[in-house]
file upload24.cif (mmCIF, N, CA and C atoms)
data_work
#
loop_
_atom_site.label_atom_id
_atom_site.label_comp_id
_atom_site.auth_asym_id
_atom_site.auth_seq_id
_atom_site.Cartn_x
_atom_site.Cartn_y
_atom_site.Cartn_z
N ALA A 13 -99.95 0.10 -10.13
CA ALA A 13 -99.58 -0.96 -9.21
C ALA A 13 -98.07 -1.14 -9.23
N VAL A 14 -97.50 -1.50 -8.11
CA VAL A 14 -96.06 -1.67 -7.99
C VAL A 14 -95.65 -3.01 -8.59
N GLY A 15 -94.61 -2.99 -9.40
CA GLY A 15 -94.05 -4.23 -9.95
C GLY A 15 -95.05 -5.00 -10.80
N GLY A 16 -96.06 -4.33 -11.34
CA GLY A 16 -97.00 -5.00 -12.22
C GLY A 16 -98.09 -5.73 -11.47
N ALA A 17 -98.08 -5.69 -10.14
CA ALA A 17 -99.12 -6.37 -9.36
C ALA A 17 -100.34 -5.48 -9.29
N SER A 18 -101.48 -6.07 -9.20
CA SER A 18 -102.70 -5.29 -9.06
C SER A 18 -103.36 -5.69 -7.76
N GLY A 19 -104.32 -4.88 -7.35
CA GLY A 19 -105.02 -5.20 -6.11
C GLY A 19 -104.52 -4.31 -5.00
N GLY A 20 -104.49 -4.84 -3.75
CA GLY A 20 -104.10 -4.05 -2.59
C GLY A 20 -102.68 -3.52 -2.71
N ALA A 21 -102.50 -2.26 -2.38
CA ALA A 21 -101.19 -1.62 -2.53
C ALA A 21 -100.13 -2.32 -1.67
N ALA A 22 -100.46 -2.60 -0.42
CA ALA A 22 -99.46 -3.22 0.47
C ALA A 22 -99.08 -4.60 -0.03
N ALA A 23 -100.06 -5.41 -0.35
CA ALA A 23 -99.77 -6.77 -0.83
C ALA A 23 -99.04 -6.70 -2.16
N GLY A 24 -99.47 -5.81 -3.05
CA GLY A 24 -98.82 -5.66 -4.35
C GLY A 24 -97.37 -5.23 -4.21
N ALA A 25 -97.10 -4.32 -3.26
CA ALA A 25 -95.74 -3.83 -3.06
C ALA A 25 -94.85 -4.96 -2.56
N VAL A 26 -95.34 -5.72 -1.61
CA VAL A 26 -94.54 -6.82 -1.08
C VAL A 26 -94.31 -7.86 -2.15
N ASP A 27 -95.36 -8.28 -2.83
CA ASP A 27 -95.22 -9.29 -3.87
C ASP A 27 -94.35 -8.79 -5.02
N GLY A 28 -94.50 -7.53 -5.40
CA GLY A 28 -93.72 -6.97 -6.50
C GLY A 28 -92.23 -6.94 -6.17
N PHE A 29 -91.88 -6.49 -4.97
CA PHE A 29 -90.49 -6.41 -4.58
C PHE A 29 -89.88 -7.78 -4.35
N ALA A 30 -90.71 -8.74 -3.99
CA ALA A 30 -90.20 -10.09 -3.73
C ALA A 30 -89.55 -10.68 -4.97
N ARG A 31 -89.94 -10.20 -6.14
CA ARG A 31 -89.31 -10.68 -7.38
C ARG A 31 -87.84 -10.29 -7.43
N PHE A 32 -87.48 -9.18 -6.80
CA PHE A 32 -86.12 -8.64 -6.90
C PHE A 32 -85.23 -9.00 -5.71
N PHE A 33 -85.83 -9.38 -4.61
CA PHE A 33 -85.06 -9.67 -3.41
C PHE A 33 -85.33 -11.09 -2.94
N PRO A 34 -84.30 -11.79 -2.52
CA PRO A 34 -84.53 -13.15 -2.01
C PRO A 34 -85.27 -13.09 -0.68
N PRO A 35 -85.92 -14.18 -0.30
CA PRO A 35 -86.57 -14.22 1.01
C PRO A 35 -85.54 -13.96 2.10
N PHE A 36 -85.96 -13.36 3.18
CA PHE A 36 -85.03 -13.06 4.25
C PHE A 36 -85.69 -13.25 5.60
N GLU A 37 -84.85 -13.22 6.61
CA GLU A 37 -85.31 -13.35 7.98
C GLU A 37 -84.55 -12.32 8.80
N ASP A 38 -85.25 -11.52 9.59
CA ASP A 38 -84.60 -10.58 10.50
C ASP A 38 -84.25 -11.32 11.77
N VAL A 39 -82.99 -11.22 12.19
CA VAL A 39 -82.52 -11.91 13.38
C VAL A 39 -82.17 -10.86 14.43
N SER A 40 -82.70 -11.02 15.63
CA SER A 40 -82.40 -10.09 16.71
C SER A 40 -80.92 -10.14 17.05
N LEU A 41 -80.39 -8.99 17.44
CA LEU A 41 -78.98 -8.91 17.79
C LEU A 41 -78.75 -9.25 19.25
N THR A 42 -77.71 -10.02 19.49
CA THR A 42 -77.30 -10.29 20.86
C THR A 42 -76.45 -9.10 21.32
N THR A 43 -76.26 -8.98 22.59
CA THR A 43 -75.45 -7.88 23.12
C THR A 43 -74.04 -7.94 22.55
N ILE A 44 -73.47 -9.14 22.46
CA ILE A 44 -72.10 -9.25 21.95
C ILE A 44 -72.01 -8.81 20.49
N LYS A 45 -73.03 -9.11 19.70
CA LYS A 45 -73.01 -8.68 18.30
C LYS A 45 -73.16 -7.17 18.19
N LYS A 46 -73.98 -6.56 19.05
CA LYS A 46 -74.12 -5.10 19.05
C LYS A 46 -72.80 -4.43 19.41
N VAL A 47 -72.14 -4.94 20.46
CA VAL A 47 -70.87 -4.37 20.91
C VAL A 47 -69.81 -4.56 19.83
N THR A 48 -69.76 -5.75 19.23
CA THR A 48 -68.77 -6.02 18.19
C THR A 48 -68.96 -5.07 17.01
N ALA A 49 -70.19 -4.90 16.58
CA ALA A 49 -70.47 -4.00 15.45
C ALA A 49 -70.07 -2.58 15.78
N ALA A 50 -70.38 -2.13 16.98
CA ALA A 50 -70.03 -0.76 17.39
C ALA A 50 -68.52 -0.58 17.44
N ARG A 51 -67.80 -1.56 18.00
CA ARG A 51 -66.35 -1.44 18.12
C ARG A 51 -65.67 -1.50 16.75
N LEU A 52 -66.14 -2.38 15.87
CA LEU A 52 -65.54 -2.46 14.54
C LEU A 52 -65.78 -1.18 13.76
N THR A 53 -66.98 -0.62 13.88
CA THR A 53 -67.29 0.65 13.21
C THR A 53 -66.40 1.76 13.76
N GLU A 54 -66.29 1.83 15.08
CA GLU A 54 -65.45 2.85 15.72
C GLU A 54 -64.00 2.71 15.27
N SER A 55 -63.49 1.49 15.25
CA SER A 55 -62.12 1.24 14.86
C SER A 55 -61.87 1.69 13.42
N LYS A 56 -62.80 1.38 12.56
CA LYS A 56 -62.64 1.73 11.15
C LYS A 56 -62.66 3.25 10.95
N GLN A 57 -63.41 3.95 11.80
CA GLN A 57 -63.55 5.40 11.65
C GLN A 57 -62.44 6.18 12.34
N THR A 58 -61.85 5.63 13.41
CA THR A 58 -60.93 6.42 14.22
C THR A 58 -59.47 5.98 14.17
N VAL A 59 -59.20 4.83 13.61
CA VAL A 59 -57.84 4.32 13.58
C VAL A 59 -57.35 4.29 12.13
N PRO A 60 -56.16 4.84 11.87
CA PRO A 60 -55.64 4.78 10.49
C PRO A 60 -55.50 3.33 10.03
N HIS A 61 -55.87 3.08 8.79
CA HIS A 61 -55.78 1.74 8.23
C HIS A 61 -54.91 1.76 6.97
N PHE A 62 -54.15 0.73 6.79
CA PHE A 62 -53.46 0.51 5.53
C PHE A 62 -53.40 -0.99 5.31
N TYR A 63 -53.33 -1.38 4.07
CA TYR A 63 -53.44 -2.80 3.73
C TYR A 63 -52.22 -3.23 2.94
N LEU A 64 -51.69 -4.36 3.29
CA LEU A 64 -50.55 -4.94 2.60
C LEU A 64 -50.93 -6.35 2.15
N THR A 65 -50.45 -6.73 1.01
CA THR A 65 -50.65 -8.10 0.56
C THR A 65 -49.28 -8.67 0.16
N VAL A 66 -49.14 -9.94 0.36
CA VAL A 66 -47.90 -10.61 0.01
C VAL A 66 -48.21 -12.08 -0.26
N ASP A 67 -47.52 -12.65 -1.18
CA ASP A 67 -47.64 -14.09 -1.43
C ASP A 67 -46.59 -14.78 -0.58
N VAL A 68 -46.98 -15.85 0.07
CA VAL A 68 -46.07 -16.55 0.98
C VAL A 68 -46.04 -18.03 0.62
N ARG A 69 -44.85 -18.58 0.56
CA ARG A 69 -44.71 -20.02 0.40
C ARG A 69 -44.72 -20.64 1.78
N MET A 70 -45.67 -21.50 2.04
CA MET A 70 -45.89 -22.05 3.37
C MET A 70 -45.38 -23.48 3.53
N ASP A 71 -44.67 -24.00 2.55
CA ASP A 71 -44.24 -25.40 2.59
C ASP A 71 -43.44 -25.73 3.85
N LYS A 72 -42.44 -24.92 4.14
CA LYS A 72 -41.57 -25.21 5.30
C LYS A 72 -42.34 -25.00 6.60
N LEU A 73 -43.19 -23.99 6.65
CA LEU A 73 -43.98 -23.77 7.85
C LEU A 73 -44.94 -24.93 8.09
N ALA A 74 -45.57 -25.40 7.03
CA ALA A 74 -46.50 -26.54 7.16
C ALA A 74 -45.77 -27.78 7.66
N SER A 75 -44.55 -27.98 7.18
CA SER A 75 -43.76 -29.12 7.62
C SER A 75 -43.38 -28.97 9.09
N LEU A 76 -42.93 -27.78 9.48
CA LEU A 76 -42.58 -27.53 10.88
C LEU A 76 -43.80 -27.70 11.78
N ARG A 77 -44.94 -27.18 11.34
CA ARG A 77 -46.18 -27.32 12.13
C ARG A 77 -46.53 -28.79 12.34
N ALA A 78 -46.40 -29.59 11.29
CA ALA A 78 -46.70 -31.02 11.41
C ALA A 78 -45.77 -31.69 12.42
N GLN A 79 -44.48 -31.34 12.39
CA GLN A 79 -43.52 -31.91 13.35
C GLN A 79 -43.87 -31.50 14.78
N LEU A 80 -44.16 -30.21 14.97
CA LEU A 80 -44.50 -29.73 16.32
C LEU A 80 -45.78 -30.38 16.83
N ASN A 81 -46.77 -30.49 15.96
CA ASN A 81 -48.04 -31.10 16.38
C ASN A 81 -47.89 -32.58 16.68
N ALA A 82 -46.99 -33.25 15.98
CA ALA A 82 -46.73 -34.67 16.29
C ALA A 82 -46.16 -34.79 17.70
N GLY A 83 -45.31 -33.85 18.09
CA GLY A 83 -44.75 -33.86 19.44
C GLY A 83 -45.77 -33.49 20.51
N LEU A 84 -46.80 -32.76 20.14
CA LEU A 84 -47.82 -32.33 21.10
C LEU A 84 -49.02 -33.27 21.17
N GLU A 85 -49.00 -34.29 20.31
CA GLU A 85 -50.16 -35.19 20.19
C GLU A 85 -50.58 -35.81 21.51
N LYS A 86 -49.63 -36.28 22.29
CA LYS A 86 -49.96 -36.95 23.56
C LYS A 86 -50.60 -36.01 24.56
N SER A 87 -50.18 -34.74 24.56
CA SER A 87 -50.72 -33.78 25.53
C SER A 87 -52.05 -33.18 25.06
N GLY A 88 -52.41 -33.43 23.80
CA GLY A 88 -53.66 -32.88 23.27
C GLY A 88 -53.53 -31.47 22.74
N GLY A 89 -52.33 -30.93 22.77
CA GLY A 89 -52.11 -29.58 22.26
C GLY A 89 -52.02 -29.58 20.75
N LYS A 90 -52.22 -28.42 20.17
CA LYS A 90 -52.13 -28.31 18.72
C LYS A 90 -51.76 -26.87 18.37
N ILE A 91 -50.87 -26.72 17.42
CA ILE A 91 -50.46 -25.40 16.95
C ILE A 91 -51.10 -25.16 15.59
N SER A 92 -51.72 -24.00 15.45
CA SER A 92 -52.39 -23.66 14.20
C SER A 92 -51.51 -22.73 13.37
N VAL A 93 -51.85 -22.58 12.11
CA VAL A 93 -51.16 -21.61 11.26
C VAL A 93 -51.37 -20.22 11.85
N ASN A 94 -52.55 -19.97 12.40
CA ASN A 94 -52.84 -18.68 13.01
C ASN A 94 -51.87 -18.37 14.15
N ASP A 95 -51.44 -19.39 14.89
CA ASP A 95 -50.46 -19.18 15.97
C ASP A 95 -49.16 -18.62 15.40
N PHE A 96 -48.74 -19.13 14.25
CA PHE A 96 -47.54 -18.62 13.61
C PHE A 96 -47.74 -17.17 13.16
N VAL A 97 -48.91 -16.86 12.65
CA VAL A 97 -49.20 -15.49 12.20
C VAL A 97 -49.17 -14.52 13.38
N VAL A 98 -49.76 -14.92 14.50
CA VAL A 98 -49.75 -14.08 15.70
C VAL A 98 -48.31 -13.87 16.17
N LYS A 99 -47.53 -14.93 16.21
CA LYS A 99 -46.14 -14.83 16.66
C LYS A 99 -45.34 -13.93 15.72
N ALA A 100 -45.52 -14.08 14.42
CA ALA A 100 -44.81 -13.23 13.45
C ALA A 100 -45.25 -11.77 13.57
N SER A 101 -46.53 -11.55 13.81
CA SER A 101 -47.04 -10.18 13.98
C SER A 101 -46.42 -9.54 15.22
N ALA A 102 -46.34 -10.28 16.31
CA ALA A 102 -45.73 -9.77 17.54
C ALA A 102 -44.25 -9.46 17.32
N ALA A 103 -43.56 -10.33 16.61
CA ALA A 103 -42.14 -10.10 16.33
C ALA A 103 -41.96 -8.83 15.48
N ALA A 104 -42.85 -8.62 14.53
CA ALA A 104 -42.79 -7.42 13.69
C ALA A 104 -43.05 -6.16 14.52
N LEU A 105 -43.98 -6.23 15.46
CA LEU A 105 -44.27 -5.08 16.32
C LEU A 105 -43.06 -4.73 17.19
N LYS A 106 -42.35 -5.75 17.66
CA LYS A 106 -41.15 -5.50 18.45
C LYS A 106 -40.01 -4.95 17.59
N ALA A 107 -39.91 -5.44 16.35
CA ALA A 107 -38.83 -5.01 15.46
C ALA A 107 -39.04 -3.57 14.96
N VAL A 108 -40.29 -3.15 14.86
CA VAL A 108 -40.62 -1.80 14.37
C VAL A 108 -41.52 -1.12 15.40
N PRO A 109 -40.94 -0.59 16.47
CA PRO A 109 -41.75 -0.03 17.56
C PRO A 109 -42.61 1.16 17.14
N GLU A 110 -42.26 1.81 16.04
CA GLU A 110 -43.08 2.94 15.57
C GLU A 110 -44.48 2.50 15.17
N VAL A 111 -44.63 1.23 14.83
CA VAL A 111 -45.93 0.69 14.45
C VAL A 111 -46.72 0.24 15.68
N ASN A 112 -46.03 -0.15 16.72
CA ASN A 112 -46.65 -0.63 17.95
C ASN A 112 -46.92 0.59 18.85
N ALA A 113 -47.80 1.47 18.38
CA ALA A 113 -48.00 2.75 19.04
C ALA A 113 -49.44 3.23 18.88
N SER A 114 -49.79 4.20 19.72
CA SER A 114 -51.11 4.83 19.64
C SER A 114 -50.95 6.34 19.64
N TRP A 115 -51.80 7.01 18.90
CA TRP A 115 -51.86 8.46 18.89
C TRP A 115 -52.64 8.91 20.11
N MET A 116 -52.04 9.77 20.93
CA MET A 116 -52.67 10.20 22.18
C MET A 116 -53.09 11.67 22.14
N GLY A 117 -53.14 12.25 20.97
CA GLY A 117 -53.54 13.65 20.84
C GLY A 117 -52.36 14.59 20.88
N ASP A 118 -51.62 14.60 22.00
CA ASP A 118 -50.46 15.48 22.13
C ASP A 118 -49.14 14.71 22.18
N LYS A 119 -49.24 13.39 22.02
CA LYS A 119 -48.03 12.57 22.03
C LYS A 119 -48.34 11.23 21.36
N ILE A 120 -47.29 10.49 21.08
CA ILE A 120 -47.43 9.13 20.56
C ILE A 120 -46.95 8.18 21.65
N ARG A 121 -47.77 7.21 21.97
CA ARG A 121 -47.41 6.22 23.00
C ARG A 121 -46.89 4.97 22.31
N ARG A 122 -45.63 4.61 22.57
CA ARG A 122 -45.04 3.38 22.06
C ARG A 122 -45.10 2.32 23.14
N TYR A 123 -45.61 1.16 22.77
CA TYR A 123 -45.79 0.08 23.74
C TYR A 123 -44.54 -0.78 23.81
N LYS A 124 -44.23 -1.23 25.01
CA LYS A 124 -43.04 -2.06 25.24
C LYS A 124 -43.31 -3.53 24.94
N LYS A 125 -44.57 -3.94 25.05
CA LYS A 125 -44.95 -5.32 24.76
C LYS A 125 -45.80 -5.34 23.50
N ALA A 126 -45.88 -6.50 22.88
CA ALA A 126 -46.69 -6.65 21.66
C ALA A 126 -47.92 -7.50 21.99
N ASP A 127 -49.05 -6.83 22.14
CA ASP A 127 -50.33 -7.51 22.32
C ASP A 127 -50.99 -7.60 20.95
N VAL A 128 -51.51 -8.76 20.61
CA VAL A 128 -52.09 -8.97 19.28
C VAL A 128 -53.54 -9.41 19.43
N SER A 129 -54.45 -8.68 18.77
CA SER A 129 -55.87 -9.05 18.76
C SER A 129 -56.12 -10.01 17.60
N VAL A 130 -56.97 -10.98 17.85
CA VAL A 130 -57.28 -11.98 16.83
C VAL A 130 -58.79 -12.11 16.72
N ALA A 131 -59.34 -11.88 15.55
CA ALA A 131 -60.78 -12.04 15.35
C ALA A 131 -61.10 -13.52 15.19
N VAL A 132 -62.06 -14.00 15.98
CA VAL A 132 -62.45 -15.41 15.95
C VAL A 132 -63.96 -15.49 15.85
N GLN A 133 -64.45 -16.15 14.83
CA GLN A 133 -65.90 -16.33 14.68
C GLN A 133 -66.35 -17.50 15.54
N THR A 134 -67.35 -17.25 16.39
CA THR A 134 -67.91 -18.29 17.24
C THR A 134 -69.41 -18.35 17.01
N GLU A 135 -70.07 -19.32 17.59
CA GLU A 135 -71.53 -19.40 17.46
C GLU A 135 -72.21 -18.18 18.09
N ALA A 136 -71.57 -17.58 19.08
CA ALA A 136 -72.13 -16.41 19.75
C ALA A 136 -71.86 -15.13 18.98
N GLY A 137 -71.04 -15.20 17.96
CA GLY A 137 -70.69 -14.02 17.18
C GLY A 137 -69.18 -13.86 17.11
N LEU A 138 -68.76 -12.73 16.56
CA LEU A 138 -67.34 -12.46 16.41
C LEU A 138 -66.75 -12.07 17.75
N MET A 139 -65.71 -12.77 18.16
CA MET A 139 -64.99 -12.47 19.40
C MET A 139 -63.60 -11.99 19.00
N VAL A 140 -63.06 -11.06 19.76
CA VAL A 140 -61.73 -10.55 19.45
C VAL A 140 -60.87 -10.59 20.72
N PRO A 141 -60.39 -11.79 21.06
CA PRO A 141 -59.52 -11.88 22.23
C PRO A 141 -58.16 -11.23 21.94
N VAL A 142 -57.52 -10.78 22.99
CA VAL A 142 -56.20 -10.18 22.87
C VAL A 142 -55.18 -11.16 23.42
N VAL A 143 -54.17 -11.48 22.64
CA VAL A 143 -53.07 -12.32 23.10
C VAL A 143 -52.06 -11.37 23.70
N ARG A 144 -52.08 -11.27 25.02
CA ARG A 144 -51.20 -10.34 25.74
C ARG A 144 -49.75 -10.82 25.69
N ASN A 145 -48.85 -9.88 25.45
CA ASN A 145 -47.41 -10.15 25.40
C ASN A 145 -47.09 -11.32 24.47
N ALA A 146 -47.70 -11.30 23.30
CA ALA A 146 -47.52 -12.39 22.33
C ALA A 146 -46.06 -12.58 21.96
N CYS A 147 -45.28 -11.51 22.02
CA CYS A 147 -43.86 -11.62 21.69
C CYS A 147 -43.10 -12.44 22.72
N GLY A 148 -43.63 -12.53 23.94
CA GLY A 148 -42.98 -13.30 24.99
C GLY A 148 -43.49 -14.72 25.14
N LEU A 149 -44.44 -15.09 24.30
CA LEU A 149 -45.02 -16.44 24.37
C LEU A 149 -44.45 -17.33 23.28
N GLY A 150 -44.40 -18.62 23.57
CA GLY A 150 -44.06 -19.59 22.54
C GLY A 150 -45.30 -19.91 21.72
N LEU A 151 -45.13 -20.64 20.67
CA LEU A 151 -46.26 -20.98 19.80
C LEU A 151 -47.36 -21.71 20.56
N ALA A 152 -47.01 -22.64 21.43
CA ALA A 152 -48.00 -23.38 22.19
C ALA A 152 -48.72 -22.47 23.19
N GLY A 153 -48.06 -21.43 23.66
CA GLY A 153 -48.68 -20.49 24.58
C GLY A 153 -49.66 -19.56 23.92
N ILE A 154 -49.49 -19.36 22.65
CA ILE A 154 -50.40 -18.50 21.90
C ILE A 154 -51.71 -19.25 21.67
#
call {"tool": "encode", "arguments": {"input": "upload24.cif", "output": "structure tokens"}}
result
Amino acid sequence: AVGGASGGAAAGAVDGFARFFPPFEDVSLTTIKKVTAARLTESKQTVPHFYLTVDVRMDKLASLRAQLNAGLEKSGGKISVNDFVVKASAAALKAVPEVNASWMGDKIRRYKKADVSVAVQTEAGLMVPVVRNACGLGLAGI
């Protein structure tokens, strides 16, 4: 018998394995989740990746953000830390155009504008909107 259970093989197998695995629920995939999974898998397999880590002191940025948001309070606007990250990423892409490029097989294409993709978790699943020309936008525009 599987897992020390006796009796019917199917029931014994399920009950035996249940000791090792928590209860679960299979959830059907929405179209957006299927597309997101396919695109993330494709990206990971076909695009070179490298990872950098850095410690950042955010005190001055947090203070500036609070000041800017106080000024936007009446209009209902709000600037997030993520807006600063997008803006800094766009500035870095403009400063180092060799990074703002795509491999085209027989050439390298360098982009003149800095478009930045941002992964955002929503109730419908992971969405990845593109902030077009992020280098030309202000923080509130991002």
call {"tool": "atom_distance", "arguments": {"input": "upload24.cif", "atom1": "CA of Ala113 in chain A", "atom2": "atom C of Ala49 in chain A"}}
result
22.9 Å
call {"tool": "atom_distance", "arguments": {"input": "upload24.cif", "atom1": "CA of Leu105 in chain A", "atom2": "CA of Arg122 in chain A"}}
result
10.3 Å
call {"tool": "select_by_dssp", "arguments": {"input": "upload24.cif", "residues": "range 35-125 of chain A", "states": "strand (DSSP E or B)", "output": "PyMOL selection string"}}
result
chain A and resi 113-115+120-122
call {"tool": "atom_distance", "arguments": {"input": "upload24.cif", "atom1": "CA of Ala126 in chain A", "atom2": "atom N of Leu151 in chain A"}}
result
14.1 Å
call {"tool": "select_by_dssp", "arguments": {"input": "upload24.cif", "residues": "chain A", "states": "alpha helix (DSSP H)", "output": "ChimeraX atom specification"}}
result
/A:21-30,43-58,71-84,93-107
call {"tool": "residues_around", "arguments": {"input": "upload24.cif", "residues": "Val132 in chain A", "least_positions_apart": "5", "cutoff": "12 Å", "atoms": "only C-alpha atoms", "output": "short mmCIF file (atom, residue, chain, number, x, y, z; two decimals) with N, CA and C atoms, in the frame of the given file"}}
result
data_model
loop_
_atom_site.label_atom_id
_atom_site.label_comp_id
_atom_site.auth_asym_id
_atom_site.auth_seq_id
_atom_site.Cartn_x
_atom_site.Cartn_y
_atom_site.Cartn_z
N THR A 48 -69.76 -5.75 19.23
CA THR A 48 -68.77 -6.02 18.19
C THR A 48 -68.96 -5.07 17.01
N ASN A 94 -52.55 -19.97 12.40
CA ASN A 94 -52.84 -18.68 13.01
C ASN A 94 -51.87 -18.37 14.15
N GLY A 137 -71.04 -15.20 17.96
CA GLY A 137 -70.69 -14.02 17.18
C GLY A 137 -69.18 -13.86 17.11
N LEU A 138 -68.76 -12.73 16.56
CA LEU A 138 -67.34 -12.46 16.41
C LEU A 138 -66.75 -12.07 17.75
N MET A 139 -65.71 -12.77 18.16
CA MET A 139 -64.99 -12.47 19.40
C MET A 139 -63.60 -11.99 19.00
N VAL A 140 -63.06 -11.06 19.76
CA VAL A 140 -61.73 -10.55 19.45
C VAL A 140 -60.87 -10.59 20.72
N PRO A 141 -60.39 -11.79 21.06
CA PRO A 141 -59.52 -11.88 22.23
C PRO A 141 -58.16 -11.23 21.94
N VAL A 142 -57.52 -10.78 22.99
CA VAL A 142 -56.20 -10.18 22.87
C VAL A 142 -55.18 -11.16 23.42
#
call {"tool": "resolve_selection", "arguments": {"input": "upload24.cif", "expression": "the PyMOL selection byres (((chain A and resi 96-103 and name CA) around 12) and name CA)", "output": "PyMOL selection string"}}
result
chain A and resi 68+70+73-74+76-77+80+90-95+104-109+111-112+123-131+141-154
call {"tool": "decode", "arguments": {"input": "upload24.cif", "residues": "range 38-92 of chain A", "atoms": "C-alpha atoms", "output": "PDB file, in the first residue's frame"}}
result
ATOM      1  CA  ASP A  38      -6.505  23.948  -9.458  1.00  0.00           C
ATOM      2  CA  VAL A  39      -7.485  27.325 -10.885  1.00  0.00           C
ATOM      3  CA  SER A  40      -8.286  27.733 -14.573  1.00  0.00           C
ATOM      4  CA  LEU A  41      -6.064  30.152 -16.453  1.00  0.00           C
ATOM      5  CA  THR A  42      -7.434  33.320 -17.951  1.00  0.00           C
ATOM      6  CA  THR A  43      -6.223  34.347 -21.385  1.00  0.00           C
ATOM      7  CA  ILE A  44      -4.168  37.174 -19.893  1.00  0.00           C
ATOM      8  CA  LYS A  45      -2.421  34.788 -17.492  1.00  0.00           C
ATOM      9  CA  LYS A  46      -1.631  32.368 -20.336  1.00  0.00           C
ATOM     10  CA  VAL A  47      -0.202  35.179 -22.481  1.00  0.00           C
ATOM     11  CA  THR A  48       1.768  36.614 -19.543  1.00  0.00           C
ATOM     12  CA  ALA A  49       3.283  33.222 -18.719  1.00  0.00           C
ATOM     13  CA  ALA A  50       4.213  32.608 -22.351  1.00  0.00           C
ATOM     14  CA  ARG A  51       5.798  36.056 -22.751  1.00  0.00           C
ATOM     15  CA  LEU A  52       7.751  35.843 -19.495  1.00  0.00           C
ATOM     16  CA  THR A  53       9.036  32.388 -20.435  1.00  0.00           C
ATOM     17  CA  GLU A  54       9.994  33.600 -23.917  1.00  0.00           C
ATOM     18  CA  SER A  55      11.737  36.660 -22.488  1.00  0.00           C
ATOM     19  CA  LYS A  56      13.725  34.596 -20.028  1.00  0.00           C
ATOM     20  CA  GLN A  57      14.824  32.187 -22.763  1.00  0.00           C
ATOM     21  CA  THR A  58      15.615  34.631 -25.579  1.00  0.00           C
ATOM     22  CA  VAL A  59      16.824  37.849 -23.959  1.00  0.00           C
ATOM     23  CA  PRO A  60      20.183  38.112 -22.173  1.00  0.00           C
ATOM     24  CA  HIS A  61      19.725  38.734 -18.456  1.00  0.00           C
ATOM     25  CA  PHE A  62      22.047  40.123 -15.841  1.00  0.00           C
ATOM     26  CA  TYR A  63      21.291  41.174 -12.303  1.00  0.00           C
ATOM     27  CA  LEU A  64      22.616  44.063 -10.280  1.00  0.00           C
ATOM     28  CA  THR A  65      22.002  44.862  -6.657  1.00  0.00           C
ATOM     29  CA  VAL A  66      22.723  48.053  -4.814  1.00  0.00           C
ATOM     30  CA  ASP A  67      21.826  49.518  -1.453  1.00  0.00           C
ATOM     31  CA  VAL A  68      20.178  52.909  -1.727  1.00  0.00           C
ATOM     32  CA  ARG A  69      19.516  55.540   0.906  1.00  0.00           C
ATOM     33  CA  MET A  70      16.031  56.820   0.150  1.00  0.00           C
ATOM     34  CA  ASP A  71      15.727  59.526   2.828  1.00  0.00           C
ATOM     35  CA  LYS A  72      16.034  62.500   0.464  1.00  0.00           C
ATOM     36  CA  LEU A  73      13.849  60.875  -2.181  1.00  0.00           C
ATOM     37  CA  ALA A  74      11.143  60.122   0.393  1.00  0.00           C
ATOM     38  CA  SER A  75      11.265  63.741   1.543  1.00  0.00           C
ATOM     39  CA  LEU A  76      11.054  65.056  -2.033  1.00  0.00           C
ATOM     40  CA  ARG A  77       8.182  62.667  -2.789  1.00  0.00           C
ATOM     41  CA  ALA A  78       6.270  63.920   0.258  1.00  0.00           C
ATOM     42  CA  GLN A  79       6.747  67.547  -0.861  1.00  0.00           C
ATOM     43  CA  LEU A  80       5.641  66.799  -4.430  1.00  0.00           C
ATOM     44  CA  ASN A  81       2.611  64.828  -3.258  1.00  0.00           C
ATOM     45  CA  ALA A  82       1.599  67.649  -0.924  1.00  0.00           C
ATOM     46  CA  GLY A  83       1.542  69.933  -3.961  1.00  0.00           C
ATOM     47  CA  LEU A  84      -0.524  67.421  -5.956  1.00  0.00           C
ATOM     48  CA  GLU A  85      -3.036  66.770  -3.168  1.00  0.00           C
ATOM     49  CA  LYS A  86      -5.713  69.126  -4.505  1.00  0.00           C
ATOM     50  CA  SER A  87      -5.609  67.643  -8.015  1.00  0.00           C
ATOM     51  CA  GLY A  88      -5.745  64.067  -6.685  1.00  0.00           C
ATOM     52  CA  GLY A  89      -2.431  63.156  -8.272  1.00  0.00           C
ATOM     53  CA  LYS A  90       0.196  61.135  -6.507  1.00  0.00           C
ATOM     54  CA  ILE A  91       3.797  60.228  -7.272  1.00  0.00           C
ATOM     55  CA  SER A  92       5.021  56.802  -6.236  1.00  0.00           C
TER      56      SER A  92
END
